[in-house]
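Colleague: I am sharing work-v4.cif, which consists of mmCIF, C-alpha atoms (C1' of nucleotides):
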data_structure
loop_
_atom_site.label_atom_id
_atom_site.label_comp_id
_atom_site.auth_asym_id
_atom_site.auth_seq_id
_atom_site.Cartn_x
_atom_site.Cartn_y
_atom_site.Cartn_z
CA MET A 4 -50.57 -83.46 -101.11
CA GLN A 5 -46.96 -82.59 -101.84
CA HIS A 6 -45.29 -81.67 -105.12
CA TRP A 7 -41.86 -82.62 -106.39
CA LEU A 8 -39.53 -82.28 -109.33
CA MET A 9 -37.44 -85.22 -110.48
CA LYS A 10 -34.68 -85.08 -113.06
CA SER A 11 -33.89 -87.72 -115.60
CA GLU A 12 -31.60 -87.75 -118.58
CA PRO A 13 -33.88 -88.63 -121.49
CA ALA A 14 -31.11 -90.61 -123.18
CA ALA A 15 -31.13 -92.88 -120.13
CA PHE A 16 -34.79 -92.78 -119.15
CA SER A 17 -37.29 -90.39 -120.68
CA PHE A 18 -40.87 -89.47 -119.90
CA ASP A 19 -41.88 -91.50 -122.96
CA ASP A 20 -39.95 -94.46 -121.55
CA LEU A 21 -42.05 -94.24 -118.40
CA HIS A 22 -45.20 -94.18 -120.54
CA ALA A 23 -44.06 -97.36 -122.26
CA ARG A 24 -43.63 -99.30 -119.02
CA PRO A 25 -46.25 -101.81 -117.92
CA GLY A 26 -48.88 -99.87 -116.03
CA ARG A 27 -47.01 -96.72 -117.09
CA THR A 28 -45.17 -97.27 -113.84
CA ASP A 29 -41.55 -97.78 -112.88
CA HIS A 30 -39.25 -97.54 -109.91
CA TRP A 31 -36.97 -94.53 -109.61
CA ASP A 32 -33.64 -96.20 -109.00
CA GLY A 33 -30.12 -94.88 -108.98
CA VAL A 34 -30.43 -91.88 -106.68
CA ARG A 35 -27.08 -91.76 -104.87
CA ASN A 36 -27.27 -88.41 -103.17
CA TYR A 37 -28.36 -88.13 -99.55
CA GLN A 38 -30.41 -84.99 -99.90
CA ALA A 39 -32.31 -86.38 -102.85
CA ARG A 40 -32.77 -89.68 -101.04
CA ASN A 41 -34.18 -87.93 -98.00
CA PHE A 42 -36.70 -86.10 -100.16
CA MET A 43 -37.79 -89.39 -101.70
CA ARG A 44 -38.39 -90.81 -98.25
CA GLN A 45 -40.75 -87.92 -97.58
CA MET A 46 -42.83 -88.72 -100.64
CA ARG A 47 -46.33 -90.06 -100.14
CA ARG A 48 -48.62 -91.94 -102.42
CA GLY A 49 -50.55 -89.46 -104.54
CA ASP A 50 -47.88 -86.78 -104.51
CA GLN A 51 -47.47 -85.09 -107.89
CA VAL A 52 -44.14 -85.11 -109.69
CA LEU A 53 -42.88 -82.77 -112.39
CA PHE A 54 -40.80 -84.86 -114.78
CA TYR A 55 -37.73 -82.90 -115.88
CA HIS A 56 -35.41 -83.81 -118.74
CA SER A 57 -31.82 -82.87 -117.89
CA ASN A 58 -28.48 -82.94 -119.67
CA CYS A 59 -30.05 -82.84 -123.13
CA GLU A 60 -30.68 -80.54 -126.05
CA GLN A 61 -33.65 -78.84 -124.42
CA PRO A 62 -33.76 -79.17 -120.64
CA ALA A 63 -37.43 -78.89 -119.67
CA VAL A 64 -40.32 -80.13 -117.60
CA VAL A 65 -42.25 -82.36 -119.98
CA GLY A 66 -45.12 -83.74 -117.93
CA ILE A 67 -46.58 -85.01 -114.69
CA ALA A 68 -46.15 -88.29 -112.86
CA GLU A 69 -47.57 -89.52 -109.59
CA VAL A 70 -46.05 -91.34 -106.64
CA VAL A 71 -47.73 -94.74 -106.42
CA ARG A 72 -45.41 -96.52 -104.00
CA GLU A 73 -43.56 -94.95 -101.11
CA ALA A 74 -39.85 -95.37 -100.44
CA TYR A 75 -38.39 -98.86 -100.31
CA PRO A 76 -34.79 -100.10 -100.66
CA ASP A 77 -33.11 -99.52 -104.01
CA PHE A 78 -32.12 -103.06 -104.90
CA THR A 79 -29.85 -101.96 -107.74
CA ALA A 80 -27.37 -100.97 -105.01
CA TRP A 81 -26.95 -104.68 -104.17
CA ASP A 82 -26.20 -105.79 -107.72
CA PRO A 83 -22.45 -105.84 -108.41
CA LYS A 84 -23.20 -105.68 -112.12
CA SER A 85 -25.28 -102.53 -111.81
CA VAL A 86 -23.76 -99.14 -112.47
CA HIS A 87 -25.55 -98.10 -109.29
CA PHE A 88 -23.90 -100.78 -107.17
CA ASP A 89 -22.83 -99.66 -103.70
CA ALA A 90 -21.14 -102.24 -101.48
CA ALA A 91 -22.02 -100.15 -98.44
CA SER A 92 -25.72 -100.79 -98.96
CA THR A 93 -27.04 -104.21 -97.93
CA PRO A 94 -30.51 -105.77 -97.68
CA ASP A 95 -30.14 -105.69 -93.89
CA ALA A 96 -29.03 -102.07 -93.83
CA PRO A 97 -30.08 -100.41 -97.08
CA ARG A 98 -28.52 -97.05 -97.71
CA TRP A 99 -30.42 -96.08 -100.84
CA PHE A 100 -34.13 -95.94 -101.53
CA MET A 101 -36.49 -95.51 -104.44
CA VAL A 102 -40.16 -94.83 -105.06
CA ASP A 103 -42.49 -95.98 -107.82
CA VAL A 104 -43.97 -93.34 -110.08
CA ARG A 105 -46.72 -93.59 -112.66
CA TRP A 106 -46.93 -91.55 -115.85
CA LYS A 107 -49.93 -89.26 -115.54
CA GLN A 108 -50.05 -86.57 -118.18
CA ALA A 109 -47.82 -85.14 -120.89
CA PHE A 110 -47.67 -81.39 -121.22
CA ALA A 111 -49.10 -79.88 -124.39
CA ARG A 112 -45.69 -78.27 -124.68
CA ALA A 113 -42.49 -78.59 -122.68
CA VAL A 114 -41.73 -75.85 -120.18
CA THR A 115 -38.08 -75.16 -120.84
CA LEU A 116 -35.39 -74.26 -118.36
CA THR A 117 -34.87 -70.98 -120.19
CA GLU A 118 -38.54 -70.17 -119.85
CA MET A 119 -38.61 -71.10 -116.17
CA LYS A 120 -35.75 -68.73 -115.46
CA GLY A 121 -38.02 -65.90 -116.55
CA MET A 122 -40.95 -66.88 -114.34
CA ARG A 123 -41.22 -64.74 -111.25
CA GLU A 124 -43.03 -67.49 -109.31
CA LEU A 125 -40.01 -69.76 -109.66
CA SER A 126 -37.30 -67.44 -108.39
CA GLU A 127 -36.76 -69.60 -105.29
CA MET A 128 -36.59 -72.96 -107.02
CA PRO A 129 -33.40 -74.93 -106.30
CA LEU A 130 -33.48 -76.10 -109.92
CA LEU A 131 -32.69 -72.59 -111.12
CA ARG A 132 -29.85 -71.95 -108.72
CA ARG A 133 -26.47 -71.80 -110.33
CA GLY A 134 -24.66 -75.09 -110.04
CA SER A 135 -27.66 -76.92 -108.63
CA ARG A 136 -27.25 -80.66 -108.99
CA LEU A 137 -30.08 -81.86 -106.81
CA SER A 138 -32.01 -84.48 -108.78
CA VAL A 139 -35.06 -84.71 -106.52
CA MET A 140 -36.50 -81.59 -104.95
CA PRO A 141 -39.69 -80.30 -103.38
CA VAL A 142 -41.81 -77.82 -105.31
CA THR A 143 -44.31 -75.48 -103.69
CA GLY A 144 -47.94 -75.54 -104.73
CA GLU A 145 -47.53 -72.13 -106.34
CA GLN A 146 -44.49 -73.21 -108.31
CA TYR A 147 -46.21 -76.41 -109.36
CA ARG A 148 -49.32 -74.61 -110.60
CA ALA A 149 -47.27 -72.01 -112.46
CA ILE A 150 -45.37 -74.70 -114.36
CA VAL A 151 -48.42 -76.86 -115.08
CA ASP A 152 -50.37 -73.83 -116.30
CA ARG A 153 -47.63 -73.14 -118.83
CA GLY A 154 -47.38 -76.73 -119.89
CA MET A 155 -51.12 -77.00 -120.40
CA LYS A 156 -51.36 -73.66 -122.22
CA ARG A 157 -54.10 -72.57 -119.86
CA ARG A 158 -52.45 -69.20 -119.82
CA PRO A 159 -51.60 -67.13 -122.89
CA THR A 160 -47.92 -67.47 -123.69
CA GLU A 161 -45.92 -64.37 -124.11
"C1'" DG B 15 -16.78 -81.38 -125.64
"C1'" DC B 16 -15.91 -77.87 -122.11
"C1'" DC B 17 -15.81 -76.62 -117.61
"C1'" DA B 18 -17.90 -74.53 -113.28
"C1'" DA B 19 -19.96 -76.08 -109.34
"C1'" DC B 20 -20.86 -79.45 -106.33
"C1'" DG B 21 -20.56 -83.72 -103.09
"C1'" DT B 22 -17.53 -87.26 -101.48
"C1'" DT B 23 -13.28 -89.32 -100.12
"C1'" DG B 24 -9.30 -89.95 -97.55
"C1'" DG B 25 -4.67 -88.43 -95.81
"C1'" DC B 26 -3.13 -85.98 -92.16
"C1'" DG C 16 -12.06 -82.12 -88.28
"C1'" DC C 17 -9.73 -79.85 -92.14
"C1'" DC C 18 -9.29 -79.50 -96.85
"C1'" DA C 19 -7.11 -80.89 -101.36
"C1'" DA C 20 -8.04 -84.07 -104.81
"C1'" DC C 21 -11.20 -86.38 -107.30
"C1'" DG C 22 -15.41 -87.85 -109.81
"C1'" DT C 23 -19.94 -86.33 -111.30
"C1'" DT C 24 -23.58 -83.29 -112.88
"C1'" DG C 25 -25.57 -80.69 -116.23
"C1'" DG C 26 -25.97 -76.22 -118.79
"C1'" DC C 27 -23.97 -74.35 -122.59
#
Can you present the structure in this file as C-alpha coordinates?

Modeller:
Amino acid sequence: MQHWLMKSEPAAFSFDDLHARPGRTDHWDGVRNYQARNFMRQMRRGDQVLFYHSNCEQPAVVGIAEVVREAYPDFTAWDPKSVHFDAASTPDAPRWFMVDVRWKQAFARAVTLTEMKGMRELSEMPLLRRGSRLSVMPVTGEQYRAIVDRGMKRRPTE
DNA sequence: GCCAACGTTGGC
DNA sequence: GCCAACGTTGGC
(Lines of atoms letter the chains of each structure in order from A and count residues from 1; the text may use other names and numbers.)
(Lines give C-alpha, C1' and ligand atoms only; values in the text may rest on other atoms or scores of the structure.)
Protein backbone atom coordinates (compact mmCIF):
# COMPACT_ATOMS: atom_id res chain seq x y z
CA MET A 1 0.00 0.00 0.00
CA GLN A 2 1.28 3.45 -0.89
CA HIS A 3 0.83 6.75 0.91
CA TRP A 4 0.29 10.20 -0.55
CA LEU A 5 -0.30 13.80 0.37
CA MET A 6 -2.76 15.90 -1.58
CA LYS A 7 -3.23 19.64 -1.23
CA SER A 8 -6.48 21.50 -1.45
CA GLU A 9 -7.40 25.06 -0.69
CA PRO A 10 -10.18 24.77 1.89
CA ALA A 11 -11.95 27.82 0.47
CA ALA A 12 -12.30 25.88 -2.78
CA PHE A 13 -12.67 22.33 -1.49
CA SER A 14 -12.10 21.36 2.12
CA PHE A 15 -11.88 18.06 3.96
CA ASP A 16 -15.36 18.79 5.35
CA ASP A 17 -16.59 19.31 1.79
CA LEU A 18 -15.38 15.83 0.93
CA HIS A 19 -17.21 14.46 3.98
CA ALA A 20 -20.41 16.10 2.74
CA ARG A 21 -20.27 14.44 -0.68
CA PRO A 22 -22.48 11.45 -1.45
CA GLY A 23 -20.60 8.40 -0.26
CA ARG A 24 -18.05 10.81 1.24
CA THR A 25 -16.39 10.42 -2.14
CA ASP A 26 -15.40 12.80 -4.91
CA HIS A 27 -13.12 13.02 -7.89
CA TRP A 28 -9.89 14.99 -7.58
CA ASP A 29 -10.11 17.21 -10.62
CA GLY A 30 -8.10 20.20 -11.70
CA VAL A 31 -4.55 18.91 -11.37
CA ARG A 32 -2.67 20.64 -14.20
CA ASN A 33 0.89 19.81 -13.35
CA TYR A 34 2.66 16.90 -15.00
CA GLN A 35 4.55 15.69 -11.97
CA ALA A 36 1.43 15.69 -9.84
CA ARG A 37 -0.51 13.99 -12.63
CA ASN A 38 2.10 11.27 -12.92
CA PHE A 39 1.88 10.59 -9.19
CA MET A 40 -1.89 10.28 -9.46
CA ARG A 41 -1.49 7.70 -12.21
CA GLN A 42 0.62 5.64 -9.82
CA MET A 43 -2.12 5.60 -7.21
CA ARG A 44 -3.87 2.34 -6.49
CA ARG A 45 -7.16 1.59 -4.87
CA GLY A 46 -6.67 1.43 -1.11
CA ASP A 47 -3.75 3.84 -1.01
CA GLN A 48 -3.95 6.24 1.94
CA VAL A 49 -4.01 9.98 1.40
CA LEU A 50 -3.11 12.75 3.82
CA PHE A 51 -5.49 15.63 3.15
CA TYR A 52 -3.63 18.94 3.39
CA HIS A 53 -5.21 22.38 3.56
CA SER A 54 -3.09 24.92 1.69
CA ASN A 55 -3.18 28.66 1.11
CA CYS A 56 -5.23 29.34 4.22
CA GLU A 57 -4.96 30.69 7.74
CA GLN A 58 -3.51 27.48 9.14
CA PRO A 59 -1.91 25.22 6.54
CA ALA A 60 -2.15 21.69 7.94
CA VAL A 61 -2.87 18.03 7.38
CA VAL A 62 -6.41 17.61 8.68
CA GLY A 63 -7.27 13.98 8.05
CA ILE A 64 -7.07 10.83 5.97
CA ALA A 65 -8.74 9.86 2.72
CA GLU A 66 -8.48 6.72 0.63
CA VAL A 67 -8.12 6.14 -3.09
CA VAL A 68 -11.25 4.34 -4.27
CA ARG A 69 -10.90 4.72 -8.03
CA GLU A 70 -7.68 4.73 -9.99
CA ALA A 71 -6.73 7.35 -12.57
CA TYR A 72 -9.17 8.16 -15.35
CA PRO A 73 -9.44 11.20 -17.65
CA ASP A 74 -10.21 14.53 -16.00
CA PHE A 75 -13.32 15.53 -17.89
CA THR A 76 -13.25 19.09 -16.59
CA ALA A 77 -10.43 19.67 -19.09
CA TRP A 78 -12.96 19.21 -21.92
CA ASP A 79 -15.46 21.74 -20.61
CA PRO A 80 -14.88 25.20 -22.10
CA LYS A 81 -16.80 26.70 -19.21
CA SER A 82 -14.58 25.09 -16.59
CA VAL A 83 -11.72 27.01 -15.05
CA HIS A 84 -9.73 23.84 -15.63
CA PHE A 85 -10.45 23.75 -19.36
CA ASP A 86 -7.51 22.76 -21.55
CA ALA A 87 -8.10 22.66 -25.30
CA ALA A 88 -5.07 20.40 -25.67
CA SER A 89 -6.82 17.61 -23.79
CA THR A 90 -9.46 15.64 -25.70
CA PRO A 91 -11.52 12.52 -24.95
CA ASP A 92 -9.46 10.68 -27.58
CA ALA A 93 -6.16 11.87 -26.16
CA PRO A 94 -6.69 13.00 -22.57
CA ARG A 95 -3.82 14.93 -21.10
CA TRP A 96 -5.08 15.24 -17.52
CA PHE A 97 -6.27 12.61 -15.10
CA MET A 98 -7.99 12.36 -11.75
CA VAL A 99 -8.68 9.76 -9.09
CA ASP A 100 -11.62 9.32 -6.73
CA VAL A 101 -10.95 9.62 -3.02
CA ARG A 102 -13.17 8.81 -0.07
CA TRP A 103 -13.13 10.62 3.26
CA LYS A 104 -11.86 8.19 5.87
CA GLN A 105 -11.00 9.83 9.15
CA ALA A 106 -10.60 13.32 10.58
CA PHE A 107 -7.63 13.96 12.81
CA ALA A 108 -8.34 14.72 16.46
CA ARG A 109 -6.28 17.82 15.79
CA ALA A 110 -4.71 19.27 12.67
CA VAL A 111 -1.00 18.72 12.17
CA THR A 112 0.18 22.15 11.12
CA LEU A 113 2.86 23.03 8.62
CA THR A 114 4.79 24.77 11.38
CA GLU A 115 4.68 21.64 13.49
CA MET A 116 5.74 19.42 10.60
CA LYS A 117 8.79 21.57 10.00
CA GLY A 118 9.99 20.57 13.44
CA MET A 119 9.54 16.84 12.95
CA ARG A 120 12.78 15.05 12.27
CA GLU A 121 11.02 12.23 10.39
CA LEU A 122 9.74 14.70 7.81
CA SER A 123 13.00 16.41 6.88
CA GLU A 124 12.91 14.89 3.38
CA MET A 125 9.31 15.73 2.55
CA PRO A 126 8.87 17.75 -0.65
CA LEU A 127 6.07 19.63 1.11
CA LEU A 128 8.57 21.27 3.44
CA ARG A 129 11.03 22.30 0.77
CA ARG A 130 11.23 25.99 0.18
CA GLY A 131 9.13 27.02 -2.77
CA SER A 132 7.55 23.60 -3.18
CA ARG A 133 4.38 23.81 -5.23
CA LEU A 134 3.76 20.16 -5.88
CA SER A 135 0.10 19.46 -5.07
CA VAL A 136 0.26 15.66 -5.11
CA MET A 137 3.25 13.86 -3.66
CA PRO A 138 4.27 10.48 -2.33
CA VAL A 139 4.81 10.05 1.40
CA THR A 140 6.91 7.29 2.93
CA GLY A 141 5.39 4.90 5.43
CA GLU A 142 7.52 6.45 8.17
CA GLN A 143 6.42 9.96 7.30
CA TYR A 144 2.80 8.87 7.09
CA ARG A 145 2.86 7.18 10.49
CA ALA A 146 4.62 10.14 12.10
CA ILE A 147 1.93 12.54 10.88
CA VAL A 148 -1.00 10.26 11.70
CA ASP A 149 0.38 9.62 15.19
CA ARG A 150 0.39 13.36 15.82
CA GLY A 151 -3.05 13.85 14.39
CA MET A 152 -4.49 11.05 16.48
CA LYS A 153 -2.71 12.18 19.66
CA ARG A 154 -1.33 8.70 20.13
CA ARG A 155 1.90 10.32 21.14
CA PRO A 156 2.29 12.94 23.86
CA THR A 157 2.56 16.38 22.30
CA GLU A 158 5.43 18.53 23.28
C1' DG B 1 -1.86 41.76 -0.12
C1' DC B 2 3.04 40.78 -0.92
C1' DC B 3 6.35 38.42 -3.22
C1' DA B 4 9.71 34.44 -3.81
C1' DA B 5 9.87 30.38 -6.19
C1' DC B 6 8.36 27.64 -9.58
C1' DG B 7 6.54 25.68 -14.22
C1' DT B 8 5.21 26.93 -18.80
C1' DT B 9 5.29 29.46 -23.02
C1' DG B 10 7.08 31.20 -27.08
C1' DG B 11 10.42 34.14 -29.74
C1' DC B 12 14.66 33.55 -31.55
C1' DG C 1 17.48 24.38 -27.37
C1' DC C 2 18.03 28.68 -24.77
C1' DC C 3 16.07 31.74 -21.73
C1' DA C 4 13.22 35.96 -20.67
C1' DA C 5 8.62 36.87 -19.71
C1' DC C 6 4.65 35.49 -17.75
C1' DG C 7 1.09 33.34 -14.77
C1' DT C 8 0.43 30.61 -10.63
C1' DT C 9 1.21 28.79 -6.04
C1' DG C 10 1.16 29.29 -1.38
C1' DG C 11 3.47 30.81 2.99
C1' DC C 12 3.63 34.76 5.48

Colleague: Can you turn the PyMOL selection byres ((chain B and resi 25) around 12) into a concrete residue list for this file, as an mmCIF file with C-alpha atoms (C1' of nucleotides), in the coordinates of the input?

Modeller:
data_model
loop_
_atom_site.group_PDB
_atom_site.id
_atom_site.type_symbol
_atom_site.label_atom_id
_atom_site.label_comp_id
_atom_site.auth_asym_id
_atom_site.auth_seq_id
_atom_site.Cartn_x
_atom_site.Cartn_y
_atom_site.Cartn_z
ATOM 1 C "C1'" DT B 23 -13.280 -89.320 -100.120
ATOM 2 C "C1'" DG B 24 -9.300 -89.950 -97.550
ATOM 3 C "C1'" DC B 26 -3.130 -85.980 -92.160
ATOM 4 C "C1'" DC C 17 -9.730 -79.850 -92.140
ATOM 5 C "C1'" DC C 18 -9.290 -79.500 -96.850
ATOM 6 C "C1'" DA C 19 -7.110 -80.890 -101.360
ATOM 7 C "C1'" DA C 20 -8.040 -84.070 -104.810
#

Colleague: Between A:Tyr37, A:Phe18, A:Trp31, A:Phe88, which is the closest to chain B once you count all atoms listed in the file?

Modeller: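 Among the listed residues, the smallest separation from chain B belongs to A:Tyr37.
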
Colleague: Just how far from CA of Gly66 in chain A is CA of Lys156 in chain A, in Å to one decimal?

Modeller: 12.6 Å

Colleague: Name every residue that the PyMOL selection byres ((chain B and resi 20) around 8) selects in this structure, writing the answer as a ChimeraX atom specification with chains first and numbers rising.

Modeller: /A:134-136 /B:19,21

Colleague: Ranking A:Val71, A:Ala113, A:Ala39, A:Leu125 by minimum distance to His56 in chain A and counting only C-alpha atoms, which one comes first?

Modeller: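 Using only C-alpha atoms, the shortest distance to His56 in chain A belongs to A:Ala113.
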
Colleague: Please, could all heavy atoms be added to range 138-149 of chain A and the result written as a CSV table (one decimal), keeping the file's coordinate frame?

Modeller:
chain,number,residue,atom,x,y,z
A,138,SER,N,-31.2,-83.8,-107.8
A,138,SER,CA,-32.0,-84.5,-108.8
A,138,SER,C,-33.4,-84.7,-108.3
A,138,SER,O,-34.3,-85.1,-109.2
A,138,SER,CB,-31.4,-85.8,-109.2
A,138,SER,OG,-31.3,-86.7,-108.0
A,139,VAL,N,-33.7,-84.6,-107.0
A,139,VAL,CA,-35.1,-84.7,-106.5
A,139,VAL,C,-35.3,-83.5,-105.6
A,139,VAL,O,-34.5,-83.4,-104.6
A,139,VAL,CB,-35.2,-86.0,-105.7
A,139,VAL,CG1,-36.6,-86.1,-105.2
A,139,VAL,CG2,-35.0,-87.2,-106.6
A,140,MET,N,-36.3,-82.8,-105.8
A,140,MET,CA,-36.5,-81.6,-105.0
A,140,MET,C,-38.0,-81.3,-104.8
A,140,MET,O,-38.8,-81.6,-105.6
A,140,MET,CB,-35.8,-80.4,-105.6
A,140,MET,CG,-36.4,-79.9,-106.8
A,140,MET,SD,-35.4,-78.6,-107.6
A,140,MET,CE,-34.1,-79.7,-108.4
A,141,PRO,N,-38.3,-80.7,-103.6
A,141,PRO,CA,-39.7,-80.3,-103.4
A,141,PRO,C,-40.0,-79.1,-104.2
A,141,PRO,O,-39.2,-78.3,-104.5
A,141,PRO,CB,-39.7,-80.0,-101.9
A,141,PRO,CG,-38.3,-79.6,-101.5
A,141,PRO,CD,-37.4,-80.4,-102.5
A,142,VAL,N,-41.3,-78.9,-104.5
A,142,VAL,CA,-41.8,-77.8,-105.3
A,142,VAL,C,-43.0,-77.3,-104.5
A,142,VAL,O,-43.8,-78.1,-104.1
A,142,VAL,CB,-42.2,-78.3,-106.7
A,142,VAL,CG1,-43.0,-77.2,-107.5
A,142,VAL,CG2,-41.0,-78.8,-107.5
A,143,THR,N,-43.1,-76.0,-104.4
A,143,THR,CA,-44.3,-75.5,-103.7
A,143,THR,C,-45.5,-75.6,-104.6
A,143,THR,O,-45.4,-75.7,-105.8
A,143,THR,CB,-44.1,-74.0,-103.3
A,143,THR,OG1,-44.1,-73.2,-104.5
A,143,THR,CG2,-42.8,-73.8,-102.5
A,144,GLY,N,-46.7,-75.5,-104.0
A,144,GLY,CA,-47.9,-75.5,-104.7
A,144,GLY,C,-48.0,-74.4,-105.8
A,144,GLY,O,-48.4,-74.7,-106.9
A,145,GLU,N,-47.5,-73.3,-105.4
A,145,GLU,CA,-47.5,-72.1,-106.3
A,145,GLU,C,-46.6,-72.4,-107.5
A,145,GLU,O,-47.0,-72.2,-108.7
A,145,GLU,CB,-47.1,-70.8,-105.6
A,145,GLU,CG,-47.2,-69.6,-106.5
A,145,GLU,CD,-46.4,-68.4,-105.9
A,145,GLU,OE1,-45.6,-68.6,-105.0
A,145,GLU,OE2,-46.7,-67.3,-106.4
A,146,GLN,N,-45.4,-72.9,-107.2
A,146,GLN,CA,-44.5,-73.2,-108.3
A,146,GLN,C,-45.1,-74.3,-109.2
A,146,GLN,O,-45.0,-74.2,-110.5
A,146,GLN,CB,-43.1,-73.7,-107.7
A,146,GLN,CG,-42.4,-72.6,-107.0
A,146,GLN,CD,-41.3,-73.1,-106.1
A,146,GLN,OE1,-41.2,-74.3,-105.8
A,146,GLN,NE2,-40.5,-72.2,-105.6
A,147,TYR,N,-45.6,-75.3,-108.6
A,147,TYR,CA,-46.2,-76.4,-109.4
A,147,TYR,C,-47.3,-75.9,-110.3
A,147,TYR,O,-47.3,-76.2,-111.5
A,147,TYR,CB,-46.8,-77.5,-108.4
A,147,TYR,CG,-47.4,-78.6,-109.1
A,147,TYR,CD1,-46.7,-79.7,-109.5
A,147,TYR,CD2,-48.8,-78.7,-109.3
A,147,TYR,CE1,-47.3,-80.8,-110.1
A,147,TYR,CE2,-49.4,-79.7,-109.9
A,147,TYR,CZ,-48.6,-80.8,-110.3
A,147,TYR,OH,-49.2,-81.9,-110.9
A,148,ARG,N,-48.2,-75.1,-109.8
A,148,ARG,CA,-49.3,-74.6,-110.6
A,148,ARG,C,-48.8,-73.7,-111.7
A,148,ARG,O,-49.3,-73.8,-112.9
A,148,ARG,CB,-50.3,-73.9,-109.7
A,148,ARG,CG,-51.2,-74.8,-109.0
A,148,ARG,CD,-52.3,-74.0,-108.2
A,148,ARG,NE,-51.8,-73.2,-107.1
A,148,ARG,CZ,-51.5,-73.8,-105.9
A,148,ARG,NH1,-51.7,-75.0,-105.7
A,148,ARG,NH2,-51.0,-73.0,-104.9
A,149,ALA,N,-47.8,-72.9,-111.4
A,149,ALA,CA,-47.3,-72.0,-112.5
A,149,ALA,C,-46.7,-72.8,-113.6
A,149,ALA,O,-46.9,-72.5,-114.8
A,149,ALA,CB,-46.2,-71.1,-111.8
